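As stored in protein00.cif (mmCIF, C-alpha atoms):
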data_target
#
loop_
_atom_site.label_atom_id
_atom_site.label_comp_id
_atom_site.auth_asym_id
_atom_site.auth_seq_id
_atom_site.Cartn_x
_atom_site.Cartn_y
_atom_site.Cartn_z
CA MET A 27 -4.46 33.27 -4.66
CA VAL A 28 -3.72 29.55 -4.33
CA LYS A 29 -7.29 28.76 -5.32
CA ALA A 30 -6.99 30.89 -8.47
CA GLU A 31 -3.74 29.19 -9.47
CA LEU A 32 -5.24 25.74 -8.90
CA GLU A 33 -8.35 26.65 -10.91
CA GLN A 34 -6.09 27.50 -13.86
CA LEU A 35 -4.93 23.86 -13.89
CA VAL A 36 -8.45 22.48 -14.14
CA GLY A 37 -9.28 21.25 -17.64
CA LYS A 38 -12.03 22.91 -19.67
CA ASP A 39 -14.01 19.68 -19.79
CA GLU A 40 -13.91 19.30 -15.98
CA LYS A 41 -16.51 20.53 -13.53
CA ILE A 42 -15.38 21.77 -10.10
CA LEU A 43 -17.37 19.94 -7.43
CA TRP A 44 -15.62 21.27 -4.31
CA SER A 45 -12.70 23.50 -3.34
CA GLY A 46 -11.19 24.27 0.02
CA ALA A 47 -8.17 24.43 2.29
CA PRO A 48 -7.16 23.04 5.69
CA LYS A 49 -8.79 24.55 8.76
CA ARG A 50 -6.24 27.11 9.93
CA SER A 51 -6.41 26.39 13.67
CA ALA A 52 -6.03 22.61 13.21
CA TYR A 53 -3.17 23.00 10.73
CA LEU A 54 -1.21 25.35 12.99
CA TRP A 55 -2.02 23.30 16.10
CA ARG A 56 -0.59 20.21 14.36
CA SER A 57 2.47 22.17 13.23
CA PHE A 58 3.34 23.24 16.77
CA VAL A 59 2.36 20.02 18.59
CA ASN A 60 4.45 17.37 16.87
CA LEU A 61 7.12 14.80 17.70
CA LEU A 62 9.88 17.41 17.82
CA LEU A 63 8.19 19.35 20.63
CA PRO A 64 9.17 17.07 23.57
CA ILE A 65 12.71 16.71 22.22
CA ALA A 66 13.05 20.48 21.84
CA LEU A 67 11.72 21.03 25.37
CA VAL A 68 14.20 18.57 26.90
CA TRP A 69 17.04 20.14 24.91
CA CYS A 70 16.03 23.62 26.12
CA CYS A 71 15.88 22.44 29.75
CA ILE A 72 19.45 21.17 29.48
CA ASP A 73 21.13 23.69 27.18
CA ILE A 74 19.60 27.02 28.25
CA PRO A 75 20.81 26.79 31.90
CA LEU A 76 24.28 25.82 30.61
CA PHE A 77 24.22 28.74 28.17
CA ILE A 78 23.18 31.21 30.90
CA ALA A 79 25.77 29.84 33.32
CA THR A 80 28.44 30.23 30.65
CA VAL A 81 27.47 33.80 29.79
CA VAL A 82 27.23 35.08 33.38
CA SER A 83 30.28 33.14 34.59
CA PRO A 84 33.17 35.32 35.83
CA GLU A 85 35.52 33.29 33.61
CA ALA A 86 33.46 34.10 30.51
CA GLY A 87 35.94 36.68 29.27
CA GLU A 88 37.81 36.52 25.99
CA GLU A 89 39.97 33.64 27.16
CA GLY A 90 37.36 31.84 29.28
CA PRO A 91 35.47 28.67 28.41
CA GLY A 92 32.59 30.72 26.93
CA VAL A 93 34.54 31.36 23.74
CA PHE A 94 34.20 27.70 22.81
CA LEU A 95 31.20 26.66 24.90
CA ILE A 96 28.72 29.22 23.54
CA PRO A 97 29.15 28.18 19.85
CA PHE A 98 29.03 24.53 20.95
CA LEU A 99 25.77 25.05 22.84
CA LEU A 100 24.23 26.93 19.90
CA LEU A 101 25.15 24.01 17.64
CA HIS A 102 24.02 21.50 20.28
CA MET A 103 20.55 23.11 20.25
CA THR A 104 19.95 21.92 16.67
CA PRO A 105 16.73 20.02 17.62
CA VAL A 106 15.33 23.28 19.03
CA TRP A 107 16.23 25.19 15.85
CA LEU A 108 14.65 22.43 13.72
CA TYR A 109 11.44 22.59 15.74
CA LEU A 110 11.28 26.39 15.49
CA PHE A 111 12.09 26.23 11.76
CA THR A 112 9.26 23.77 11.00
CA ALA A 113 6.78 25.66 13.21
CA PHE A 114 7.69 29.04 11.70
CA PHE A 115 7.43 27.84 8.10
CA SER A 116 4.07 26.16 8.73
CA PHE A 117 2.47 29.58 8.10
CA ALA A 118 3.95 29.68 4.59
CA ARG A 119 2.96 26.06 3.98
CA LEU A 120 -0.61 26.79 5.08
CA LYS A 121 -0.80 29.81 2.77
CA ASN A 122 0.19 27.61 -0.20
CA THR A 123 -2.11 24.68 0.62
CA GLY A 124 -5.38 24.28 -1.25
CA TYR A 125 -7.56 21.57 -2.76
CA ILE A 126 -9.97 21.25 -5.68
CA VAL A 127 -12.10 18.22 -6.49
CA THR A 128 -13.49 17.96 -10.00
CA ASP A 129 -15.55 15.27 -11.68
CA ARG A 130 -12.29 13.79 -13.07
CA SER A 131 -9.39 14.67 -10.74
CA VAL A 132 -8.24 15.98 -7.38
CA TYR A 133 -5.88 18.98 -7.43
CA VAL A 134 -3.63 19.59 -4.44
CA SER A 135 -1.23 22.49 -3.90
CA GLY A 136 1.36 22.99 -1.20
CA GLY A 137 4.93 24.01 -0.51
CA VAL A 138 6.89 26.49 1.58
CA PHE A 139 8.91 28.69 -0.77
CA ALA A 140 7.39 27.56 -4.07
CA LEU A 141 3.86 26.54 -4.92
CA ASN A 142 3.78 22.86 -5.91
CA SER A 143 0.65 21.43 -7.48
CA GLN A 144 -0.29 17.80 -8.04
CA VAL A 145 -3.13 16.21 -9.94
CA LYS A 146 -4.59 12.84 -8.98
CA PRO A 147 -6.95 11.44 -11.64
CA LEU A 148 -9.91 9.80 -9.92
CA ALA A 149 -9.76 6.78 -12.25
CA LYS A 150 -6.21 6.05 -10.98
CA LEU A 151 -7.11 6.06 -7.27
CA SER A 152 -7.19 2.66 -5.61
CA THR A 153 -8.65 3.67 -2.24
CA VAL A 154 -10.00 6.74 -0.51
CA THR A 155 -9.98 6.73 3.29
CA ILE A 156 -10.62 9.07 6.22
CA SER A 157 -7.97 9.65 8.87
CA ARG A 158 -8.69 11.32 12.23
CA GLY A 159 -6.05 11.66 14.92
CA LEU A 160 -6.25 13.32 18.33
CA ILE A 161 -5.78 16.82 16.96
CA ASP A 162 -8.34 16.15 14.23
CA LYS A 163 -10.92 15.07 16.79
CA ARG A 164 -10.14 17.99 19.10
CA CYS A 165 -10.52 20.51 16.26
CA LYS A 166 -13.53 18.70 14.74
CA VAL A 167 -11.80 18.06 11.41
CA GLY A 168 -10.60 15.07 9.43
CA SER A 169 -8.23 14.23 6.61
CA VAL A 170 -9.09 12.43 3.38
CA VAL A 171 -6.32 10.12 2.14
CA LEU A 172 -6.17 9.33 -1.58
CA ASN A 173 -4.11 6.24 -2.45
CA ASP A 174 -2.76 5.87 -5.96
CA ASP A 175 -2.72 2.45 -7.65
CA THR A 176 0.55 3.01 -9.54
CA THR A 177 2.50 0.60 -7.31
CA THR A 178 1.39 -2.21 -5.08
CA ASN A 179 4.27 -2.22 -2.62
CA GLY A 180 5.18 1.43 -2.01
CA GLY A 181 7.15 2.58 1.01
CA SER A 182 5.60 4.49 3.86
CA VAL A 183 5.92 8.25 4.21
CA ASN A 184 4.28 10.16 7.09
CA ARG A 185 2.20 7.07 8.06
CA TYR A 186 0.65 6.94 4.59
CA SER A 187 1.65 5.08 1.44
CA ALA A 188 4.38 6.68 -0.67
CA ASN A 189 1.79 7.12 -3.44
CA SER A 190 -0.86 8.78 -1.32
CA GLN A 191 -2.04 12.36 -1.24
CA THR A 192 -3.79 13.77 1.81
CA LEU A 193 -6.35 16.53 2.01
CA LEU A 194 -5.54 17.68 5.54
CA PHE A 195 -7.74 19.06 8.32
CA LEU A 196 -11.04 19.52 6.49
CA PRO A 197 -14.10 20.59 8.52
CA ASP A 198 -16.37 18.91 5.96
CA TYR A 199 -14.19 15.79 5.53
CA GLU A 200 -17.17 13.37 5.43
CA GLU A 201 -18.84 15.26 2.58
CA VAL A 202 -15.54 15.51 0.68
CA PHE A 203 -14.95 11.78 1.17
CA THR A 204 -18.42 10.93 -0.17
CA LEU A 205 -18.04 13.39 -3.05
CA ILE A 206 -14.70 11.87 -4.10
CA ARG A 207 -16.00 8.28 -3.81
CA ASP A 208 -19.05 9.09 -5.96
CA ALA A 209 -16.94 10.96 -8.54
CA GLN A 210 -14.44 8.08 -8.51
CA GLU A 211 -17.18 5.57 -9.36
CA ARG A 212 -18.34 7.73 -12.25
CA ALA A 213 -14.71 8.12 -13.44
CA TYR A 214 -14.24 4.32 -13.34
CA ALA A 215 -17.44 3.91 -15.33
CA ARG A 216 -16.21 6.47 -17.93
CA ALA A 217 -12.78 4.78 -18.11
CA ASN A 218 -14.42 1.39 -18.72
CA GLY A 219 -16.72 2.79 -21.38
CA ALA A 220 -19.96 2.39 -19.43
CA ASP A 221 -22.74 4.94 -19.54
CA GLU A 222 -23.12 7.21 -16.51
#

This entry written out as structure tokens:
Amino acid sequence: MVKAELEQLVGKDEKILWSGAPKRSAYLWRSFVNLLLPIALVWCCIDIPLFIATVVSPEAGEEGPGVFLIPFLLLHMTPVWLYLFTAFFSFARLKNTGYIVTDRSVYVSGGVFALNSQVKPLAKLSTVTISRGLIDKRCKVGSVVLNDDTTTNGGSVNRYSANSQTLLFLPDYEEVFTLIRDAQERAYARANGADE
């Protein structure tokens, strides 16, 4: 479904060179193993025993400390709820994530509740790089990072430039990288008026 919606955005004068999506296992593995995981585990180790002790305590009647302590502990477990929220919604994000590379642009879709699509013209890209972290190597995938040349001093978001777009967890990341670099060179040549 995402692929069909992305294909509708492709111009009539463009030729689709590649289309795909993140590898499911790598995407979900990365969603569950993130920086919030150790924080959530520590919070659970502290708060869950307190919660249980409060509930089973003989003073936990209507007038006991449980009336105030239970809501406090539920609020105090906010890091755990955040971790569970991001992990749970990763399934919806994965369902809405897709990529198309044409001879002129790269189309990227994503989002949790709504499908958001972006178009990166190849002639506007400054650099194309490959990124492989521990999870990427373990799952035999890689990510292709597309950096936009619209600003020279952009901030950093998620360890990439603020003007970058990332094609995450691709099994064929090397081929996609080469395909985009070759198409980018042809797009530069077209933009500068040279013959292909």

Quick one: apply the PyMOL selection byres ((chain A and resi 71-77) around 12) to the file and drop the selected residues here as JSON, numbers by chain.
{"A": [64, 65, 66, 67, 68, 69, 70, 78, 79, 80, 81, 82, 83, 86, 91, 92, 93, 94, 95, 96, 97, 98, 99, 100, 101, 102, 103, 104, 105, 106]}

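The space between CA of Asp208 in chain A and CA of Glu40 in chain A spans 15.2 Å.
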
Within 10 Å of file point (-15.1, 16.1, 7.3), counting all atoms listed in the file, expressed as a CSV table (one decimal) with C-alpha atoms, in the coordinates of the input:
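The resulting file, part08.csv, is reproduced below:
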chain,number,residue,atom,x,y,z
A,156,ILE,CA,-10.6,9.1,6.2
A,157,SER,CA,-8.0,9.6,8.9
A,158,ARG,CA,-8.7,11.3,12.2
A,162,ASP,CA,-8.3,16.2,14.2
A,166,LYS,CA,-13.5,18.7,14.7
A,167,VAL,CA,-11.8,18.1,11.4
A,168,GLY,CA,-10.6,15.1,9.4
A,169,SER,CA,-8.2,14.2,6.6
A,170,VAL,CA,-9.1,12.4,3.4
A,194,LEU,CA,-5.5,17.7,5.5
A,195,PHE,CA,-7.7,19.1,8.3
A,196,LEU,CA,-11.0,19.5,6.5
A,197,PRO,CA,-14.1,20.6,8.5
A,198,ASP,CA,-16.4,18.9,6.0
A,199,TYR,CA,-14.2,15.8,5.5
A,200,GLU,CA,-17.2,13.4,5.4
A,201,GLU,CA,-18.8,15.3,2.6
A,202,VAL,CA,-15.5,15.5,0.7
A,203,PHE,CA,-15.0,11.8,1.2
A,204,THR,CA,-18.4,10.9,-0.2

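Using all atoms listed in the file for every distance, the candidate list A:Val36, A:Leu160, A:Ala149, A:Val138 yields A:Ala149 as the residue closest to Arg212 in chain A.
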
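Take the candidates A:Leu172, A:Ala47, A:Ile161, A:Leu148 and check each one against Lys29 in chain A using only C-alpha atoms; the shortest distance goes to A:Ala47.
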
Gap from CA of Glu211 in chain A to CA of Leu32 in chain A - Å, one decimal
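Value for the CA of Glu211 in chain A-CA of Leu32 in chain A distance: 23.4 Å.
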
Select, from A:Pro48, A:Pro147, A:Gly37, A:Gly219, the residue with the minimum atom-to-atom distance to Asn122 in chain A, counting all atoms listed in the file.
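Using all atoms listed in the file, Asn122 in chain A sits closest to A:Pro48.
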
Specify as a tab-separated table (two decimals) with C-alpha atoms, in the coordinates of the input each residue included when the PyMOL selection byres ((chain A and resi 46) around 7) is applied to this file.
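Heads up, here's the output in selection_7.tsv:
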chain	number	residue	atom	x	y	z
A	44	TRP	CA	-15.62	21.27	-4.31
A	45	SER	CA	-12.70	23.50	-3.34
A	47	ALA	CA	-8.17	24.43	2.29
A	124	GLY	CA	-5.38	24.28	-1.25
A	125	TYR	CA	-7.56	21.57	-2.76
A	126	ILE	CA	-9.97	21.25	-5.68

CA of Trp107 in chain A to CA of Ser190 in chain A: how many Å, to one decimal?
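Taking CA of Trp107 in chain A as the start and CA of Ser190 in chain A as the end point, the length is 29.3 Å.
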
Evaluating the PyMOL selection byres ((chain A and resi 139-143) around 12) on the displayed file yields which residues, as a PyMOL selection string?
chain A and resi 27-29+31-36+115-126+132-138+144-146+191

Limited to C-alpha atoms, could you put the picked residues into a file as a short mmCIF file (atom, residue, chain, number, x, y, z; two decimals), in the frame of the given file?
data_model
loop_
_atom_site.label_atom_id
_atom_site.label_comp_id
_atom_site.auth_asym_id
_atom_site.auth_seq_id
_atom_site.Cartn_x
_atom_site.Cartn_y
_atom_site.Cartn_z
CA MET A 27 -4.46 33.27 -4.66
CA VAL A 28 -3.72 29.55 -4.33
CA LYS A 29 -7.29 28.76 -5.32
CA GLU A 31 -3.74 29.19 -9.47
CA LEU A 32 -5.24 25.74 -8.90
CA GLU A 33 -8.35 26.65 -10.91
CA GLN A 34 -6.09 27.50 -13.86
CA LEU A 35 -4.93 23.86 -13.89
CA VAL A 36 -8.45 22.48 -14.14
CA PHE A 115 7.43 27.84 8.10
CA SER A 116 4.07 26.16 8.73
CA PHE A 117 2.47 29.58 8.10
CA ALA A 118 3.95 29.68 4.59
CA ARG A 119 2.96 26.06 3.98
CA LEU A 120 -0.61 26.79 5.08
CA LYS A 121 -0.80 29.81 2.77
CA ASN A 122 0.19 27.61 -0.20
CA THR A 123 -2.11 24.68 0.62
CA GLY A 124 -5.38 24.28 -1.25
CA TYR A 125 -7.56 21.57 -2.76
CA ILE A 126 -9.97 21.25 -5.68
CA VAL A 132 -8.24 15.98 -7.38
CA TYR A 133 -5.88 18.98 -7.43
CA VAL A 134 -3.63 19.59 -4.44
CA SER A 135 -1.23 22.49 -3.90
CA GLY A 136 1.36 22.99 -1.20
CA GLY A 137 4.93 24.01 -0.51
CA VAL A 138 6.89 26.49 1.58
CA GLN A 144 -0.29 17.80 -8.04
CA VAL A 145 -3.13 16.21 -9.94
CA LYS A 146 -4.59 12.84 -8.98
CA GLN A 191 -2.04 12.36 -1.24
#

Which one of A:Lys41, A:Arg216, A:Arg164, A:Ala113 sits closest to Leu63 in chain A if you count only C-alpha atoms?
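For Leu63 in chain A, the nearest of the given residues is A:Ala113.
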
Need to verify the contact set: Leu43 in chain A, 9 Å, only C-alpha atoms, exclusion of same-chain residues closer than 4 positions in sequence. Can you return it as a ChimeraX atom specification?
/A:126-129,205

Taking all listed atoms of range 124-130 of chain A, build the axis-aligned box, pad each of the six sides by 8 Å, then write its centre and edge lengths in Å to one decimal as JSON.
{"center_x": -10.5, "center_y": 19.0, "center_z": -7.2, "size_x": 26.2, "size_y": 26.5, "size_z": 27.8}

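Closest to Arg207 in chain A among A:Val154, A:Thr192, A:Asn173, A:Asn60 is A:Val154, based on all atoms listed in the file.
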